[in-house]
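Asks: Sharing a structure here in C-alpha cells format.
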Amino acid sequence: YTAYADVQTMADEINSILGMESQYTKVGTGVTKRIVNAVANYSSPIDAYYVAQNLLGNTKVSELGFMKKYKAVSEEHDATFDLIEETLNKAYDENPDAEKIYAELDSFKGKEGVTDLYIDFYKFAVADLMKSDINYQVEILKDLEAAALATGKDYGWIYYQPMAETLAAAGKSEEAVEYLEKIIENDTSKYDAYKLKMDIELDAGNKDAASKTLAEFKVNNEETETAYMLEIVYLRRTVQTDKAKTLCLEALEAYESIPELNRQLALVYLADNDYVNAFDSMMLAYNYAYYIYQSTYDTSTLDDPAFYNTLYLSAYLLKNSDKMDEEYSEDIEEILGQFDESVLEDVTKEIIAGKKTAAQVLTEGECDLA
C-alpha cells in the first residue's frame, strides 16, 4: 500500500509540474496487480476485488483480465450476503437469540442465488462473535468444509486458517496442525499459519520444534517484514524481550510504515512496563493503519481485535501510570473514547482489572491480546 501511494504521489507531482497527465507518468496496472494479488494471498479474493475497485474504479477493474477470478468470487459472495445481511445484523441486537439466527441462516441454503458455503462461513462468524461453544464452532466449520469440497473448487482460503485456529482453541492441536500444513504446503509465505504452528509448539513446551518452524519460515521469507515479525514473537514468547526489542528496532529501519511491526514493538514495551514507548509505538501503528485506510479503504488492520486491543491497553495503562504527562492527554482520551469496553477481549479486561499484568500475558500466558 505504501509503495503504491509513494508511486502515485510521485506521478501526481510530475504531472503537476508538466501541467498535464503524461502517458509516461501514469501508475501502471502492474503495480496494482501486485498489490491486489498480495491482498488476495494475505486475506481473500473478495478483499482483493474490493481493494482493486477502490484503487482503479469499477470500469477499469472490469477491463483487466487478472481481475476476472476475483470478480467472479466477489459476485458469488455478494449475491449470498445481500440475502442474509438482515439476518446477520440480528447478532448485534441487545439480546440476540443465537439459535434463532442459526436456524434462519440455515433456511437460506439451497435457495436460488445462494452459495451454501457462505452461509456456513457467516454462521461461524456469528458463533465466534457470540462466543458460542467452541466445539459447535468446529462443527460449523466442518459443514463449511463439506460444502466447499462439494463444489470441486479450491475454497481453502475461506476455511483452512479459521479451522486451524478454532481446533487449536478447542484443544485439538494435532488436527489444527494438519490444516496449517495444508496452508504451508500451498504457500510458504503464510505468516498466520506459521505463527499458529509455532504458538502450538511453544504452548506444548516444544521449544525445539518452534525454533525449527521459525527457521523454516525465515529461510522461505528471508529479510521480509513477516520474517522479522515471527522471530520477534518467538523472542517475546521465550522471554527474550531485550532481543525482541532490538530486532523490532532493526526491522523498523527497513519497514517503518508496517503497522504490525510497530504493534509488536508496543507489545515488547508493554511486557517491560514501558508504557510511554508502548503508547508512542501504537500511535505510530495507528497512524500508518489509518493511512492505509485512506489510500485503499482497507480497514482490516483497524478492525483487527489484536490491533485495537493493543491500542486501547497502551492508552489505558499510560493514563493510569506515574509516567502520564499532559502532552498525551488529548490523544489518550480520543483513543479511549473510541471503544466501549464490551468490545475488548477478556484478557485485556483482566489486565485493566488488575487480575493479570501485561508482562504475564505477553510472555507467559496468551502472549497476545486477541
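Following the order of the C-alpha cells, first chain is A, next is B, and so on, with residues numbered from 1 inside each chain and ligands from 1 in the order they appear.
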Show which residues sit within 12 Å of Glu86 in chain A, as a PyMOL selection string. Count only C-alpha atoms, and ignore same-chain residues fewer than 6 positions away.
Replies: chain A and resi 80+92-93+101+104-105
Asks: Selection from above, N, CA, C and O atoms, as an mmCIF file, in the first residue's frame, can you write it?
Replies:
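Dumped everything to part.cif:
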data_model
loop_
_atom_site.group_PDB
_atom_site.id
_atom_site.type_symbol
_atom_site.label_atom_id
_atom_site.label_comp_id
_atom_site.auth_asym_id
_atom_site.auth_seq_id
_atom_site.Cartn_x
_atom_site.Cartn_y
_atom_site.Cartn_z
ATOM 1 N N THR A 80 -24.993 -13.929 -2.093
ATOM 2 C CA THR A 80 -25.439 -14.588 -0.866
ATOM 3 C C THR A 80 -25.538 -13.600 0.283
ATOM 4 O O THR A 80 -26.537 -13.589 1.029
ATOM 5 N N TYR A 92 -26.301 -8.330 16.372
ATOM 6 C CA TYR A 92 -25.911 -7.115 17.093
ATOM 7 C C TYR A 92 -27.060 -6.515 17.898
ATOM 8 O O TYR A 92 -26.919 -5.432 18.465
ATOM 9 N N ASP A 93 -28.186 -7.230 17.949
ATOM 10 C CA ASP A 93 -29.297 -6.775 18.798
ATOM 11 C C ASP A 93 -28.877 -6.801 20.260
ATOM 12 O O ASP A 93 -27.889 -7.457 20.629
ATOM 13 N N ILE A 101 -31.038 -17.211 15.057
ATOM 14 C CA ILE A 101 -30.217 -16.690 13.959
ATOM 15 C C ILE A 101 -29.626 -17.838 13.149
ATOM 16 O O ILE A 101 -29.644 -17.824 11.911
ATOM 17 N N GLU A 104 -32.326 -19.404 11.031
ATOM 18 C CA GLU A 104 -32.706 -18.512 9.941
ATOM 19 C C GLU A 104 -31.661 -18.549 8.830
ATOM 20 O O GLU A 104 -32.002 -18.557 7.642
ATOM 21 N N LEU A 105 -30.384 -18.585 9.213
ATOM 22 C CA LEU A 105 -29.331 -18.675 8.208
ATOM 23 C C LEU A 105 -29.420 -19.992 7.445
ATOM 24 O O LEU A 105 -29.294 -20.025 6.210
#
Asks: Extract, using only C-alpha atoms, all DNA, RNA and protein residues at most 10 Å from Glu333 in chain A, discarding same-chain residues fewer than 6 positions from it, and format them as a list in words.
Replies: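 The contact residues come out as Ala315, Tyr316 and Lys319 of chain A.
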Asks: With a cut-off of 8 Å, could you pull out the residues of range 71-171 of chain A touching range 31-55 of chain A and give me the nearest pair of atoms for each, distance in Å to one decimal, using only C-alpha atoms, ordered by chain and ascending number, as CSV?
Replies:
residue,atom,partner,partner_atom,distance
A:Lys71,CA,A:Tyr49,CA,6.1
A:Val73,CA,A:Ile46,CA,6.5
A:Ser74,CA,A:Ile46,CA,4.9
A:His77,CA,A:Ile46,CA,7.7
A:Trp157,CA,A:Ser44,CA,6.6
A:Ile158,CA,A:Ser44,CA,7.4
Asks: Please produce a file of the residues just selected, as a tab-separated table (two decimals), in the first residue's frame, where the atoms kept are N, CA, C and O atoms.
Replies:
chain	number	residue	atom	x	y	z
A	71	LYS	N	-13.33	-11.12	-9.42
A	71	LYS	CA	-14.67	-10.60	-9.65
A	71	LYS	C	-15.72	-11.70	-9.50
A	71	LYS	O	-16.77	-11.51	-8.89
A	73	VAL	N	-15.60	-14.53	-7.75
A	73	VAL	CA	-15.78	-14.91	-6.34
A	73	VAL	C	-16.52	-13.82	-5.58
A	73	VAL	O	-17.41	-14.11	-4.77
A	74	SER	N	-16.18	-12.57	-5.85
A	74	SER	CA	-16.82	-11.45	-5.16
A	74	SER	C	-18.31	-11.40	-5.46
A	74	SER	O	-19.13	-11.21	-4.56
A	77	HIS	N	-20.08	-14.24	-3.70
A	77	HIS	CA	-20.22	-13.93	-2.27
A	77	HIS	C	-21.30	-12.88	-2.03
A	77	HIS	O	-22.16	-13.04	-1.17
A	157	TRP	N	-8.93	-21.09	1.06
A	157	TRP	CA	-8.66	-19.75	1.58
A	157	TRP	C	-9.72	-19.28	2.57
A	157	TRP	O	-9.45	-18.45	3.43
A	158	ILE	N	-10.94	-19.84	2.47
A	158	ILE	CA	-12.01	-19.33	3.32
A	158	ILE	C	-12.10	-20.08	4.66
A	158	ILE	O	-12.65	-19.55	5.62
Asks: By how many Å are CA of Asn220 in chain A and CA of Glu174 in chain A apart?
Replies: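 Separating CA of Asn220 in chain A from CA of Glu174 in chain A is a distance of 23.4 Å.
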Asks: Have a look at A:Asp82, A:Val268, A:Ala204, A:Leu261 and name the one nearest to Ala244 in chain A; count only C-alpha atoms.
Replies: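 Looking at the shortest contact to Ala244 in chain A, the residue is A:Val268.
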Asks: Taking 4 positions as the minimum chain separation for residues in the same chain, which residues sit within 6 Å of range 176-181 of chain A when counting only C-alpha atoms? Answer as a PyMOL selection string.
Replies: chain A and resi 160+164+167-168+185+193
Asks: Leaving out Ala266 in chain A and any residue of its chain fewer than 4 positions from it, which residues lie within 9 Å of it when counting only C-alpha atoms, given as a list in words?
Replies: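 Answer for this query is Leu261, Asn262, Leu270, Ala271, Asp274, Tyr275, Asn277, Ala278, Phe279, Asp280, Ser281, Met282, Ala285, Thr310, Leu311 and Ser314 of chain A.
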Asks: Please produce an output containing N, CA, C and O atoms for each residue in the selection, written as an mmCIF file, in the first residue's frame.
Replies:
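As written to disk, selection.cif reads:
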data_model
loop_
_atom_site.group_PDB
_atom_site.id
_atom_site.type_symbol
_atom_site.label_atom_id
_atom_site.label_comp_id
_atom_site.auth_asym_id
_atom_site.auth_seq_id
_atom_site.Cartn_x
_atom_site.Cartn_y
_atom_site.Cartn_z
ATOM 1 N N LEU A 261 4.438 -4.283 12.725
ATOM 2 C CA LEU A 261 5.768 -4.207 13.329
ATOM 3 C C LEU A 261 5.788 -3.194 14.467
ATOM 4 O O LEU A 261 6.383 -3.429 15.526
ATOM 5 N N ASN A 262 5.115 -2.068 14.267
ATOM 6 C CA ASN A 262 5.013 -1.075 15.338
ATOM 7 C C ASN A 262 4.201 -1.620 16.507
ATOM 8 O O ASN A 262 4.507 -1.338 17.668
ATOM 9 N N LEU A 270 5.163 -3.014 26.406
ATOM 10 C CA LEU A 270 4.159 -3.328 27.431
ATOM 11 C C LEU A 270 4.664 -4.439 28.351
ATOM 12 O O LEU A 270 4.447 -4.396 29.568
ATOM 13 N N ALA A 271 5.334 -5.434 27.767
ATOM 14 C CA ALA A 271 5.877 -6.533 28.575
ATOM 15 C C ALA A 271 6.951 -6.037 29.542
ATOM 16 O O ALA A 271 7.174 -6.635 30.598
ATOM 17 N N ASP A 274 6.985 -0.423 29.998
ATOM 18 C CA ASP A 274 7.391 0.875 29.456
ATOM 19 C C ASP A 274 6.195 1.448 28.692
ATOM 20 O O ASP A 274 6.110 1.342 27.465
ATOM 21 N N TYR A 275 5.285 2.068 29.424
ATOM 22 C CA TYR A 275 4.011 2.474 28.846
ATOM 23 C C TYR A 275 4.128 3.688 27.928
ATOM 24 O O TYR A 275 3.313 3.842 27.004
ATOM 25 N N ASN A 277 6.707 4.429 25.783
ATOM 26 C CA ASN A 277 7.140 3.961 24.466
ATOM 27 C C ASN A 277 6.108 3.034 23.825
ATOM 28 O O ASN A 277 5.978 3.000 22.599
ATOM 29 N N ALA A 278 5.387 2.279 24.660
ATOM 30 C CA ALA A 278 4.325 1.419 24.125
ATOM 31 C C ALA A 278 3.257 2.262 23.445
ATOM 32 O O ALA A 278 2.814 1.957 22.330
ATOM 33 N N PHE A 279 2.851 3.343 24.112
ATOM 34 C CA PHE A 279 1.817 4.211 23.536
ATOM 35 C C PHE A 279 2.333 4.924 22.285
ATOM 36 O O PHE A 279 1.619 5.005 21.274
ATOM 37 N N ASP A 280 3.563 5.402 22.324
ATOM 38 C CA ASP A 280 4.145 6.061 21.146
ATOM 39 C C ASP A 280 4.185 5.098 19.950
ATOM 40 O O ASP A 280 3.866 5.485 18.816
ATOM 41 N N SER A 281 4.565 3.854 20.206
ATOM 42 C CA SER A 281 4.637 2.863 19.126
ATOM 43 C C SER A 281 3.259 2.561 18.558
ATOM 44 O O SER A 281 3.094 2.425 17.336
ATOM 45 N N MET A 282 2.265 2.477 19.441
ATOM 46 C CA MET A 282 0.915 2.191 18.961
ATOM 47 C C MET A 282 0.299 3.377 18.235
ATOM 48 O O MET A 282 -0.491 3.193 17.305
ATOM 49 N N ALA A 285 1.651 3.005 14.855
ATOM 50 C CA ALA A 285 0.936 1.906 14.196
ATOM 51 C C ALA A 285 -0.446 2.363 13.735
ATOM 52 O O ALA A 285 -0.880 2.063 12.612
ATOM 53 N N THR A 310 -4.559 -3.675 21.619
ATOM 54 C CA THR A 310 -3.236 -3.145 21.976
ATOM 55 C C THR A 310 -3.274 -1.626 22.048
ATOM 56 O O THR A 310 -2.682 -1.014 22.949
ATOM 57 N N LEU A 311 -3.980 -1.015 21.107
ATOM 58 C CA LEU A 311 -4.117 0.441 21.098
ATOM 59 C C LEU A 311 -4.803 0.925 22.374
ATOM 60 O O LEU A 311 -4.323 1.844 23.049
ATOM 61 N N SER A 314 -2.575 0.178 25.644
ATOM 62 C CA SER A 314 -1.420 1.062 25.787
ATOM 63 C C SER A 314 -1.853 2.447 26.258
ATOM 64 O O SER A 314 -1.169 3.072 27.085
#
Asks: Can you list, as a ChimeraX atom specification, every protein, DNA or RNA residue that comes within 7 Å of range 141-147 of chain A when you count only C-alpha atoms, leaving out same-chain residues fewer than 2 positions away?
Replies: /A:116-117,120-121,124,137-139,149-151,159,163
Asks: Keeping C-alpha atoms, export the residues of the selection given above as a PDB file, in the first residue's frame.
Replies:
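Dumped everything to part.pdb:
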ATOM      1  CA  ASP A 116     -24.215 -22.552   0.687  1.00  0.00           C
ATOM      2  CA  LEU A 117     -20.629 -22.390   1.872  1.00  0.00           C
ATOM      3  CA  ASP A 120     -21.744 -21.645   6.909  1.00  0.00           C
ATOM      4  CA  PHE A 121     -18.958 -19.061   6.779  1.00  0.00           C
ATOM      5  CA  PHE A 124     -19.358 -19.393  12.003  1.00  0.00           C
ATOM      6  CA  GLN A 137     -17.910 -23.644  16.059  1.00  0.00           C
ATOM      7  CA  VAL A 138     -15.762 -26.549  14.869  1.00  0.00           C
ATOM      8  CA  GLU A 139     -18.941 -28.329  13.755  1.00  0.00           C
ATOM      9  CA  LEU A 149     -15.392 -29.664  -1.170  1.00  0.00           C
ATOM     10  CA  ALA A 150     -18.740 -30.404  -2.841  1.00  0.00           C
ATOM     11  CA  THR A 151     -18.139 -27.575  -5.323  1.00  0.00           C
ATOM     12  CA  TYR A 159     -11.751 -22.041   5.989  1.00  0.00           C
ATOM     13  CA  MET A 163     -10.474 -24.137  11.112  1.00  0.00           C
TER      14      MET A 163
END
Asks: Using only C-alpha atoms, find the one residue out of A:Asp346, A:Glu76, A:Asp128, A:Glu99 that sits nearest to Val114 in chain A.
Replies: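 Counting only C-alpha atoms, the residue closest to Val114 in chain A is A:Glu76.
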Asks: Grab the CA of Asp242 in chain A to CA of Asp208 in chain A distance for me, in Å with one decimal place.
Replies: 20.7 Å
Asks: Run DSSP on the backbone of this structure and report the residues of range 122-369 of chain A it assigns to helix (DSSP H, G or I), as a ChimeraX atom specification.
Replies: /A:122-129,134-151,156-169,173-186,191-203,207-220,225-237,241-254,259-271,275-296,305-319,326-337,341-343,346-352,358-363
Asks: For a test of reading the model, state the distance in Å between CA of Thr348 in chain A and CA of Ile232 in chain A, rounded to one decimal.
Replies: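 Computing the Euclidean distance for CA of Thr348 in chain A and CA of Ile232 in chain A yields 20.9 Å.
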Asks: Counting only C-alpha atoms, figure out which residue out of A:Thr246, A:Glu222, A:Leu369, A:Val347 gets nearest to Arg263 in chain A.
Replies: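 Of A:Thr246, A:Glu222, A:Leu369, A:Val347, the one nearest Arg263 in chain A is A:Leu369, counting only C-alpha atoms.
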Asks: Have a look at A:Ser295, A:Ser211, A:Ser173, A:Gln161 and name the one nearest to Lys190 in chain A; count only C-alpha atoms.
Replies: A:Gln161
Asks: Select, from A:Ala209, A:Ile140, A:Cys248, A:Ala289, the residue with the minimum atom-to-atom distance to Asp304 in chain A, counting only C-alpha atoms.
Replies: A:Ala289
